[in-house]
There are 2 protein chains.
Amino acid sequence: MPKKTFFNLPENKRGKLIEAAEKEFSRVPLSQASIANIVKTAGVPRGSFYQYFENKEDAFYYLLEAQTNKRKAFFILSLQNNNGDILAAMEDLFRLMLKELGQEDNVNFLKNALMNVTHEIEDIFTKIFDEKHSGRSSLMEIKCLIDREKLNISDEREFFHIMQILTSVTFRNLVDKYSRNISDDEALENFMIEMNLLRKGLSK
Amino acid sequence: MPKKTFFNLPENKRGKLIEAAEKEFSRVPLSQASIANIVKTAGVPRGSFYQYFENKEDAFYYLLEAQTNKRKAFFILSLQNNNGDILAAMEDLFRLMLKELGQEDNVNFLKNALMNVTHEIEDIFTKIFDEKHSGRSSLMEIKCLIDREKLNISDEREFFHIMQILTSVTFRNLVDKYSRNISDDEALENFMIEMNLLRKGLSK
DNA sequence: CATAGTAAGTGACACAATGTCATTAGTCAA
DNA sequence: TTGACTAATGACATTGTGTCACTTACTATG
């Protein structure tokens with residue numbers, strides 16, 4: 001998390017910082033990003049950067065988390081539209097991200113994040129469904145929307161694991177798309193095959 | 001891949017290099033590993049390192065691939081023991097890795113690799129099941145051993161996707177165990193819940 | 001055997017990045 | 001005005017990377 005000095009900053013300065021960091025993290029993956037570039041484009045002295053953030057990673061995960069929250073909102077919406085069918089909602093989310101990532105604008109950020117998939121990144125996505133991290137409220141919000149009749153679960157714990165499975169499969173499909181340069185259509189087809197396998201089960 | 005000069009090296013020198021690299025990659029995750037340390041413990045001049053490897057990453061993935069091949073052999077064996085049931089074989093592999101990773105010796109290497117899970121790393125694991133990368137032979141070897149009657153697949157393509165799903169779920173469970181410091185028992189329990197969900201399907 | 005030609009070895013060097021710290025400036029309350 | 005706290009600043013020490021000109025070792029051939 002950024003330090004509190006960062007949040008005390010006047011809005012326009014904070015905005016400049018965010019913009020500069022986004023630009024740098026869109027240019028190259030985290031490991032190659034340089035603080036020097038960020039402070040240069042933001043026009044702040046190097047020392048200031050360390051006044052606001054612990055380090056590169058701190059800034060990176062802060063931005064990523066912000067982006068992820070937008071998608072969480074979408075997911076909840078789509079859960080409603082699909083009458084509580086999580087698998088269908090996940091399919092919608094996948095389509096959305098394919099579309100977003102097609103637009104090249106400033107979303108190289110997410111592309112770079114996906115390519116250099118550290119555990120922490122996947123974790124940020126999964127946190128949404130984990131009571132301990134996500135504010136209790138949004139987990140509840142999701143749980144209420146879910147139609148349990150559609151799911152093959154017998155005990156409460158299984159719900160969390162279903163989300164884990166869905167997240168990691170969705171995630172890997174996205175990464176695949178960008179590391180192998182697959183077309184949107186092919187990526188979607190692969191993803192749907194896997195979702196259907198998950199639905200019906202792998203074993204006879 | 002290391003350069004050919006590396007493979008031309010006298011065995012003991014090559015061994016020293018490998019050992020030193022393993023030591024460094026066990027000490028810290030890839031991003032923090034330093035070539036300076038590797039050449040120091042191996043007792044070779046810095047310039048030589050670049051004679052043998054492209055860079056840090058090159059050395060790292062070379063070592064990782066070597067380790068992974070051992071596990072591939074185990075997987076094939078366990079597929080035989082389980083009469084071609086891939087899910088059961090995967091469960092055995094998971095148990096093996098829990099056991100291996102319990103022994104602290106030099107396996108911090110794998111731990112560090114898992115914690116810093118780039119796409120490339122998961123890829124190395126998955127390659128085993130991909131005709132394009134794995135030598136055609138070992139994929140065939142695996143395919144022959146698999147008892148398709150146990151699987152719920154209707155068309156040939158689905159087989160590859162089953163392996164994708166299994167790999168990513170297994171993988172994430174391992175990462176979880178080490179990032180959250182879960183006990184072996186709990187990790188195994190979580191994993192088994194997910195495997196059973198996969199078996200019977202997520203939807204009613 | 002001499003010699004030319006190729007492959008490998010070497011470490012100083014240029015360059016870039018990181019995180020720190022002593023110093024300076026700003027703000028606000030007493 | 002003073003004192004006390006918070007923030008800003010950029011020079012600096014340190015560490016790391018990859019390269020290159022030069023040296024050494026090895027091999028084959030006339």
# chains A, B, ... in the order shown; residues from 1 in each chain; ligands from 1
call {"tool": "closest_atom_pairs", "arguments": {"of": "chain B", "to": "chain A", "cutoff": "6 Å", "atoms": "only C-alpha atoms", "output": "CSV"}}
result
residue,atom,partner,partner_atom,distance
B:Asn116,CA,A:Thr118,CA,5.0
B:Val117,CA,A:Thr118,CA,4.6
B:Thr118,CA,A:Val117,CA,4.6
B:His119,CA,A:Val117,CA,5.6
B:Lys150,CA,A:Lys204,CA,5.6
B:Leu151,CA,A:Ser203,CA,4.5
B:Asn152,CA,A:Lys204,CA,4.9
B:Leu198,CA,A:Gly201,CA,5.5
B:Arg199,CA,A:Leu202,CA,4.9
B:Lys200,CA,A:Gly201,CA,4.7
B:Gly201,CA,A:Gly201,CA,3.2
B:Leu202,CA,A:Arg199,CA,4.9
B:Ser203,CA,A:Leu151,CA,4.5
B:Lys204,CA,A:Asn152,CA,4.9
call {"tool": "select_by_dssp", "arguments": {"residues": "range 99-186 of chain A", "states": "alpha helix (DSSP H)", "output": "ChimeraX atom specification"}}
result
/A:99-102,108-115,119-127,136-145,156-179,184-186
call {"tool": "closest_residue", "arguments": {"among": "A:Arg95, A:Lys4, A:Lys16, A:Arg46", "to": "chain C", "atoms": "only C-alpha atoms (C1' of nucleotides)"}}
result
A:Arg46
call {"tool": "interface_residues", "arguments": {"of": "chain B", "to": "chain C", "cutoff": "10 Å", "atoms": "only C-alpha atoms (C1' of nucleotides)", "output": "PyMOL selection string"}}
result
chain B and resi 5+8-9+44-48+51
call {"tool": "interface_residues", "arguments": {"of": "chain D", "to": "chain B", "cutoff": "10 Å", "atoms": "only C-alpha atoms (C1' of nucleotides)", "output": "list in words"}}
result
DT15, DG16, DT17, DG18 and DT19 of chain D
call {"tool": "atom_distance", "arguments": {"atom1": "CA of Tyr62 in chain A", "atom2": "CA of Tyr178 in chain A"}}
result
22.9 Å
